[in-house]
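Novice: Sharing protein-v3.txt (compact mmCIF, C-alpha atoms) below.
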# COMPACT_ATOMS: atom_id res chain seq x y z
CA MET A 359 31.30 -67.55 -24.63
CA PRO A 360 30.53 -64.24 -26.40
CA ARG A 361 26.85 -65.22 -26.65
CA THR A 362 26.78 -66.00 -22.94
CA ASN A 363 28.27 -62.62 -22.02
CA LYS A 364 25.79 -60.84 -24.23
CA ALA A 365 22.91 -62.72 -22.71
CA VAL A 366 24.17 -61.94 -19.21
CA LYS A 367 24.50 -58.25 -20.01
CA THR A 368 21.02 -58.20 -21.57
CA GLY A 369 19.61 -59.91 -18.52
CA GLU A 370 21.32 -57.39 -16.25
CA ARG A 371 19.81 -54.51 -18.17
CA HIS A 372 16.29 -56.02 -17.97
CA SER A 373 16.78 -56.86 -14.33
CA TRP A 374 17.83 -53.28 -13.54
CA ARG A 375 14.86 -51.86 -15.44
CA ASP A 376 12.41 -54.22 -13.80
CA GLY A 377 13.83 -53.45 -10.38
CA ALA A 378 13.59 -49.73 -10.93
CA GLY A 379 10.08 -49.97 -12.36
CA MET A 380 11.10 -48.07 -15.47
CA ASP A 381 10.06 -50.44 -18.30
CA GLY A 382 12.13 -48.50 -20.74
CA THR A 383 10.72 -45.12 -19.73
CA GLY A 384 13.23 -44.02 -17.13
CA ASP A 385 12.15 -40.40 -16.83
CA ILE A 386 8.48 -41.21 -16.29
CA ALA A 387 9.22 -43.89 -13.72
CA ALA A 388 11.61 -41.60 -11.86
CA SER A 389 9.02 -38.84 -11.77
CA LYS A 390 6.44 -41.30 -10.42
CA HIS A 391 8.82 -42.27 -7.61
CA ALA A 392 9.45 -38.56 -6.85
CA VAL A 393 5.69 -37.87 -6.67
CA ALA A 394 5.21 -40.87 -4.42
CA ARG A 395 7.97 -39.69 -2.09
CA ALA A 396 6.52 -36.13 -2.07
CA ARG A 397 3.07 -37.51 -1.27
CA GLY A 398 4.57 -39.58 1.49
CA ARG A 399 6.19 -36.52 3.05
CA THR A 400 2.92 -34.55 2.74
CA VAL A 401 0.97 -37.28 4.49
CA LEU A 402 3.62 -37.51 7.20
CA ILE A 403 3.50 -33.72 7.78
CA ALA A 404 -0.30 -33.78 7.95
CA VAL A 405 -0.21 -36.62 10.48
CA ASN A 406 2.32 -34.76 12.61
CA VAL A 407 0.18 -31.59 12.56
CA ARG A 408 -2.95 -33.52 13.58
CA PHE A 409 -1.03 -35.30 16.31
CA ALA A 410 0.33 -32.02 17.66
CA ALA A 411 -3.17 -30.49 17.63
CA ARG A 412 -4.63 -33.45 19.53
CA ALA A 413 -1.82 -33.30 22.04
CA GLY A 414 -2.64 -29.64 22.71
CA LYS A 415 0.59 -28.37 21.20
CA ILE A 416 0.29 -24.97 19.55
CA VAL A 417 3.00 -23.93 17.16
CA PRO A 418 3.74 -20.22 17.80
CA PRO A 419 3.63 -17.90 14.78
CA PRO A 420 6.91 -16.52 13.45
CA VAL A 421 8.14 -13.44 15.30
CA ASP A 422 8.28 -10.25 13.22
CA THR A 423 11.61 -8.61 14.01
CA SER A 424 11.25 -5.77 11.51
CA PRO A 425 11.09 -2.24 12.99
CA PRO A 426 7.61 -0.73 13.24
CA ALA A 427 6.56 1.44 10.35
CA ALA A 428 6.01 5.14 10.67
CA GLY A 429 2.46 6.00 11.70
CA PRO A 430 0.39 7.38 14.59
CA ASP A 431 2.62 5.65 17.15
CA HIS A 432 5.95 5.51 15.38
CA LEU A 433 8.10 7.91 13.42
CA SER A 434 10.88 6.96 11.06
CA VAL A 435 14.28 6.36 12.61
CA ARG A 436 15.64 9.60 11.13
CA ALA A 437 12.76 11.67 12.54
CA GLU A 438 13.17 10.04 15.96
CA ASN A 439 16.88 10.85 15.99
CA VAL A 440 16.15 14.48 15.11
CA LEU A 441 13.64 14.77 17.95
CA LYS A 442 16.02 13.08 20.37
CA GLU A 443 18.65 15.73 19.67
CA LEU A 444 16.07 18.49 20.00
CA ALA A 445 14.80 17.00 23.27
CA ALA A 446 18.31 17.25 24.70
CA GLU A 447 18.78 20.75 23.28
CA ILE A 448 15.42 22.28 24.16
CA ALA A 449 14.24 20.42 27.26
CA GLY A 450 17.49 18.94 28.56
CA ASP A 451 16.03 15.42 28.38
CA SER A 452 17.95 12.22 27.67
CA PRO A 453 15.73 9.97 25.53
CA PRO A 454 16.39 6.21 25.77
CA LYS A 455 18.12 4.24 23.02
CA GLY A 456 15.99 2.40 20.51
CA ARG A 457 12.37 3.10 19.67
CA TRP A 458 10.94 6.13 21.46
CA ILE A 459 7.72 8.15 21.34
CA PRO A 460 8.37 11.89 21.83
CA PRO A 461 6.15 13.36 24.57
CA ASP A 462 3.56 15.98 23.70
CA GLY A 463 5.34 18.45 25.99
CA LEU A 464 8.36 18.39 23.67
CA LEU A 465 6.17 18.82 20.58
CA ARG A 466 4.53 21.91 22.09
CA LYS A 467 7.96 23.48 22.61
CA LEU A 468 9.06 22.87 19.04
CA THR A 469 9.01 25.61 16.45
CA PHE A 470 9.43 25.33 12.72
CA LYS A 471 12.76 27.06 13.09
CA HIS A 472 13.98 24.28 15.40
CA LEU A 473 13.25 21.72 12.71
CA LYS A 474 14.74 23.76 9.88
CA THR A 475 18.04 24.23 11.73
CA ALA A 476 18.26 20.71 13.20
CA ARG A 477 20.98 18.39 11.96
CA ASN A 478 20.00 15.72 9.42
CA CYS A 479 16.49 17.17 9.16
CA GLY A 480 15.64 17.68 5.52
CA PRO A 481 12.33 18.89 4.05
CA GLN A 482 10.83 15.38 4.00
CA THR A 483 11.67 14.79 7.67
CA VAL A 484 10.32 18.23 8.60
CA ASP A 485 7.01 17.45 6.87
CA GLU A 486 6.86 14.04 8.59
CA ILE A 487 7.35 15.53 12.07
CA VAL A 488 4.86 18.35 11.44
CA ALA A 489 2.22 15.89 10.18
CA TRP A 490 2.87 13.46 13.06
CA ALA A 491 2.57 16.26 15.65
CA ARG A 492 -0.71 17.38 14.03
CA MET A 493 -2.11 13.84 14.47
CA ARG A 494 -1.30 14.15 18.17
CA GLY A 495 -3.12 17.48 18.43
CA VAL A 496 -0.03 19.74 18.33
CA THR A 497 0.36 22.32 15.57
CA ILE A 498 3.87 23.35 14.53
CA GLN A 499 3.18 26.49 12.52
CA LYS A 500 5.08 26.82 9.26
CA PRO A 501 6.22 30.29 8.16
CA PHE A 502 3.47 32.20 6.42
CA TYR A 503 5.70 33.66 3.72
CA ALA A 504 8.44 31.09 3.24
CA GLY A 505 10.00 31.28 -0.20
CA LYS A 506 8.32 34.56 -1.11
CA SER A 507 10.02 37.83 -1.91
CA LEU A 508 9.48 40.90 0.27
CA ALA A 509 7.24 42.45 -2.38
CA ALA A 510 5.05 39.33 -2.58
CA MET A 511 4.97 39.13 1.22
CA TRP A 512 3.79 42.76 1.55
CA HIS A 513 1.18 42.22 -1.17
CA ASP A 514 -0.29 39.14 0.56
CA LEU A 515 -0.24 40.79 3.98
CA ILE A 516 -1.98 43.96 2.76
CA ALA A 517 -4.67 41.86 1.05
CA LYS A 518 -5.28 39.87 4.25
CA CYS A 519 -5.35 42.97 6.43
CA SER A 520 -7.80 44.68 4.07
CA SER A 521 -10.17 41.71 4.25
CA GLY A 522 -9.69 41.27 8.01
CA GLU A 523 -8.22 37.75 7.61
CA PHE A 524 -4.84 38.47 9.19
CA THR A 525 -3.26 37.42 12.47
CA LYS A 526 -0.78 39.20 14.69
CA ALA A 527 1.63 36.31 14.14
CA GLU A 528 1.63 36.98 10.39
CA ILE A 529 2.36 40.67 10.88
CA ALA A 530 5.11 39.94 13.39
CA GLU A 531 6.70 37.41 11.04
CA ALA A 532 6.61 39.86 8.14
CA LEU A 533 8.20 42.65 10.19
CA GLU A 534 10.84 40.30 11.61
CA ARG A 535 11.75 39.09 8.15
CA SER A 536 11.91 42.65 6.88
CA MET A 537 14.30 43.57 9.71
CA ARG A 538 16.53 40.55 9.00
CA ARG A 539 16.74 41.67 5.37
CA LYS A 540 17.55 45.20 6.61
CA ASN A 541 14.67 46.53 4.57
CA THR A 542 13.88 50.19 5.13
CA GLN A 543 10.84 50.42 2.85
CA ILE A 544 7.45 49.34 4.22
CA PRO A 545 4.50 50.02 1.90
CA LEU A 546 2.35 52.98 2.92
CA ALA A 547 -0.78 50.83 2.78
CA LEU A 548 0.66 48.48 5.40
CA GLN A 549 1.79 51.40 7.56
CA GLY A 550 -1.77 52.72 7.53
CA ILE A 551 -3.15 49.30 8.51
CA LEU A 552 -0.63 49.00 11.36
CA LEU A 553 -1.61 52.46 12.57
CA GLN A 554 -5.29 51.47 12.63
CA ILE A 555 -4.48 48.32 14.57
CA LEU A 556 -2.49 50.24 17.16
CA ASN A 557 -5.22 52.87 17.56
CA SER A 558 -7.97 50.25 17.89
CA SER A 559 -6.02 48.37 20.54
CA GLY A 560 -6.13 51.45 22.78
Here is a file; write its structure as structure tokens.
Specialist:
Amino acid sequence: MPRTNKAVKTGERHSWRDGAGMDGTGDIAASKHAVARARGRTVLIAVNVRFAARAGKIVPPPVDTSPPAAGPDHLSVRAENVLKELAAEIAGDSPPKGRWIPPDGLLRKLTFKHLKTARNCGPQTVDEIVAWARMRGVTIQKPFYAGKSLAAMWHDLIAKCSSGEFTKAEIAEALERSMRRKNTQIPLALQGILLQILNSSG
């Protein structure tokens, strides 16, 4: 009886191996079966694709639901929100929810001061809006002397006036800034240049 049981067990092991196609190398045989199944699925997918193409069925491409990137037609969400608030403040408009392209009329009404004092509008957002408006043909002029002291401002303005490369907007900005700072000392050289401008204008 013990020999019979052993023989039966041995036969069962051989029978299981033969049935699985392993021949003592279980891992290799299992991998072969996995490759065969994978190849079968690949063939089936290819057949389905060819059948769909012959039947005139076109599989639509996946829909891109990501928001459009900032560029010539789209600003960042933060910049859009800033301009929406300014549109309501400056022009009394009510921009729609979601993506929105600010009209050129609003851009022409904007000043750099509007952007600097707007809520949630940091330096990076200001630069983005200024650059985007420039691409649409609208120039939002930055201050000529931002970040400079009064002495440096006067020095630059006198140099420009002496070479004839000044604008009235630069002079007006310098005088306005000087008044805000309650400055009572304007360089004599600039006073002489202002006098010449006034006399030449008639």
Novice: Could you check the closest approach to Asp485 in chain A for each of A:Ala532, A:Ile555, A:Ala437, A:Leu444 and tell me which residue wins, using only C-alpha atoms?
Specialist: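 Comparing A:Ala532, A:Ile555, A:Ala437, A:Leu444 against Asp485 in chain A, the winner is A:Ala437.
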Novice: Restricting the calculation to only C-alpha atoms: of A:Phe524, A:Arg538, A:Ala446, A:Asp462, which residue gets closest to Met493 in chain A?
Specialist: A:Asp462
Novice: What is the distance, in Å and to one decimal place, between CA of Cys519 in chain A and CA of Thr469 in chain A?
Specialist: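 If I compute the distance from CA of Cys519 in chain A to CA of Thr469 in chain A, I get 24.7 Å.
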Novice: Would you work out the distance separating CA of Tyr503 in chain A from CA of Ile448 in chain A, expressed in Å to one decimal?
Specialist: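 Between these atoms lies a distance of 25.3 Å.
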Novice: Could you check which of A:Lys540, A:Pro501, A:Val435, A:Ile516 is closest to Ile487 in chain A, using all atoms listed in the file?
Specialist: A:Val435
Novice: Env of Lys442 in chain A: 10 Å cut, atoms = only C-alpha atoms, seq-sep filter 2 positions within chain, self excluded. Answer as a list in words.
Specialist: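 The residues satisfying every condition are Arg436, Ala437, Glu438, Asn439, Val440, Leu444, Ala445, Ala446, Glu447, Ile448, Asp451, Ser452, Pro453, Pro454, Lys455, Trp458, Ile459, Pro460 and Leu464 of chain A.
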Novice: Between CA of Leu465 in chain A and CA of Ile498 in chain A, measure the distance and give it in Å to one decimal.
Specialist: 7.9 Å
Novice: Of the candidates A:Ala476, A:Met511, A:Leu441, A:Ala491, which shows the shortest atom-to-atom distance to Ile529 in chain A, using all atoms listed in the file?
Specialist: A:Met511
Novice: Which of these residues is nearest to Ser520 in chain A, using only C-alpha atoms: A:Ile544, A:Val488, A:Leu552, A:Ala449?
Specialist: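 Checking each of A:Ile544, A:Val488, A:Leu552, A:Ala449 against Ser520 in chain A, counting only C-alpha atoms, the winner is A:Leu552.
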Novice: Let me have the centre and edge lengths of the axis-aligned box enclosing all listed atoms of range 527-533 of chain A with 4 Å padding on every side, in Å to one decimal, as AutoDock Vina command-line options.
Specialist:
--center_x 4.9 --center_y 39.5 --center_z 11.1 --size_x 14.6 --size_y 14.3 --size_z 14.0
Novice: Writing all heavy atoms and nothing else, produce range 508-519 of chain A as a compact mmCIF listing (two decimals), in the first residue's frame.
Specialist:
# COMPACT_ATOMS: atom_id res chain seq x y z
N LEU A 508 14.60 111.01 -5.86
CA LEU A 508 14.35 112.29 -6.52
C LEU A 508 15.62 112.81 -7.20
O LEU A 508 15.56 113.35 -8.32
CB LEU A 508 13.83 113.31 -5.50
CG LEU A 508 12.40 113.09 -5.00
CD1 LEU A 508 12.05 114.15 -3.96
CD2 LEU A 508 11.41 113.12 -6.15
N ALA A 509 16.74 112.65 -6.54
CA ALA A 509 18.00 113.13 -7.12
C ALA A 509 18.31 112.41 -8.43
O ALA A 509 18.70 113.04 -9.43
CB ALA A 509 19.13 112.95 -6.12
N ALA A 510 18.14 111.06 -8.43
CA ALA A 510 18.39 110.30 -9.65
C ALA A 510 17.38 110.67 -10.74
O ALA A 510 17.72 110.73 -11.93
CB ALA A 510 18.33 108.80 -9.35
N MET A 511 16.13 110.91 -10.33
CA MET A 511 15.10 111.30 -11.29
C MET A 511 15.46 112.62 -11.95
O MET A 511 15.39 112.76 -13.18
CB MET A 511 13.75 111.39 -10.58
CG MET A 511 12.60 111.80 -11.48
SD MET A 511 11.07 112.05 -10.56
CE MET A 511 11.48 113.56 -9.66
N TRP A 512 15.84 113.63 -11.15
CA TRP A 512 16.22 114.93 -11.71
C TRP A 512 17.42 114.80 -12.64
O TRP A 512 17.46 115.42 -13.71
CB TRP A 512 16.54 115.92 -10.59
CG TRP A 512 15.41 116.30 -9.70
CD1 TRP A 512 15.43 116.33 -8.33
CD2 TRP A 512 14.09 116.73 -10.07
NE1 TRP A 512 14.22 116.74 -7.84
CE2 TRP A 512 13.37 116.99 -8.89
CE3 TRP A 512 13.44 116.89 -11.30
CZ2 TRP A 512 12.06 117.41 -8.88
CZ3 TRP A 512 12.12 117.31 -11.31
CH2 TRP A 512 11.44 117.57 -10.10
N HIS A 513 18.39 113.98 -12.25
CA HIS A 513 19.59 113.81 -13.06
C HIS A 513 19.24 113.22 -14.43
O HIS A 513 19.71 113.71 -15.48
CB HIS A 513 20.58 112.90 -12.32
CG HIS A 513 21.86 112.67 -13.07
ND1 HIS A 513 22.02 111.63 -13.97
CD2 HIS A 513 23.04 113.34 -13.05
CE1 HIS A 513 23.22 111.67 -14.47
NE2 HIS A 513 23.87 112.70 -13.94
N ASP A 514 18.40 112.18 -14.45
CA ASP A 514 18.02 111.56 -15.72
C ASP A 514 17.20 112.52 -16.57
O ASP A 514 17.39 112.59 -17.79
CB ASP A 514 17.21 110.28 -15.45
CG ASP A 514 18.06 109.17 -14.84
OD1 ASP A 514 19.29 109.31 -14.83
OD2 ASP A 514 17.47 108.17 -14.38
N LEU A 515 16.29 113.26 -15.93
CA LEU A 515 15.44 114.17 -16.69
C LEU A 515 16.25 115.31 -17.31
O LEU A 515 16.02 115.70 -18.46
CB LEU A 515 14.34 114.72 -15.79
CG LEU A 515 13.28 115.60 -16.46
CD1 LEU A 515 12.60 114.83 -17.59
CD2 LEU A 515 12.24 116.05 -15.43
N ILE A 516 17.19 115.86 -16.55
CA ILE A 516 18.03 116.94 -17.08
C ILE A 516 18.87 116.44 -18.26
O ILE A 516 19.03 117.13 -19.27
CB ILE A 516 18.93 117.50 -15.96
CG1 ILE A 516 18.08 118.25 -14.94
CG2 ILE A 516 20.00 118.42 -16.53
CD1 ILE A 516 18.84 118.66 -13.69
N ALA A 517 19.39 115.21 -18.14
CA ALA A 517 20.19 114.65 -19.24
C ALA A 517 19.34 114.47 -20.49
O ALA A 517 19.78 114.76 -21.61
CB ALA A 517 20.80 113.32 -18.80
N LYS A 518 18.12 114.00 -20.33
CA LYS A 518 17.23 113.80 -21.48
C LYS A 518 16.84 115.15 -22.10
O LYS A 518 16.78 115.28 -23.33
CB LYS A 518 15.99 113.02 -21.07
CG LYS A 518 16.24 111.56 -20.79
CD LYS A 518 14.94 110.83 -20.49
CE LYS A 518 15.19 109.34 -20.29
NZ LYS A 518 13.92 108.61 -20.03
N CYS A 519 16.52 116.11 -21.26
CA CYS A 519 16.12 117.42 -21.77
C CYS A 519 17.29 118.09 -22.51
O CYS A 519 17.09 118.76 -23.53
CB CYS A 519 15.65 118.31 -20.64
SG CYS A 519 14.05 117.81 -19.93
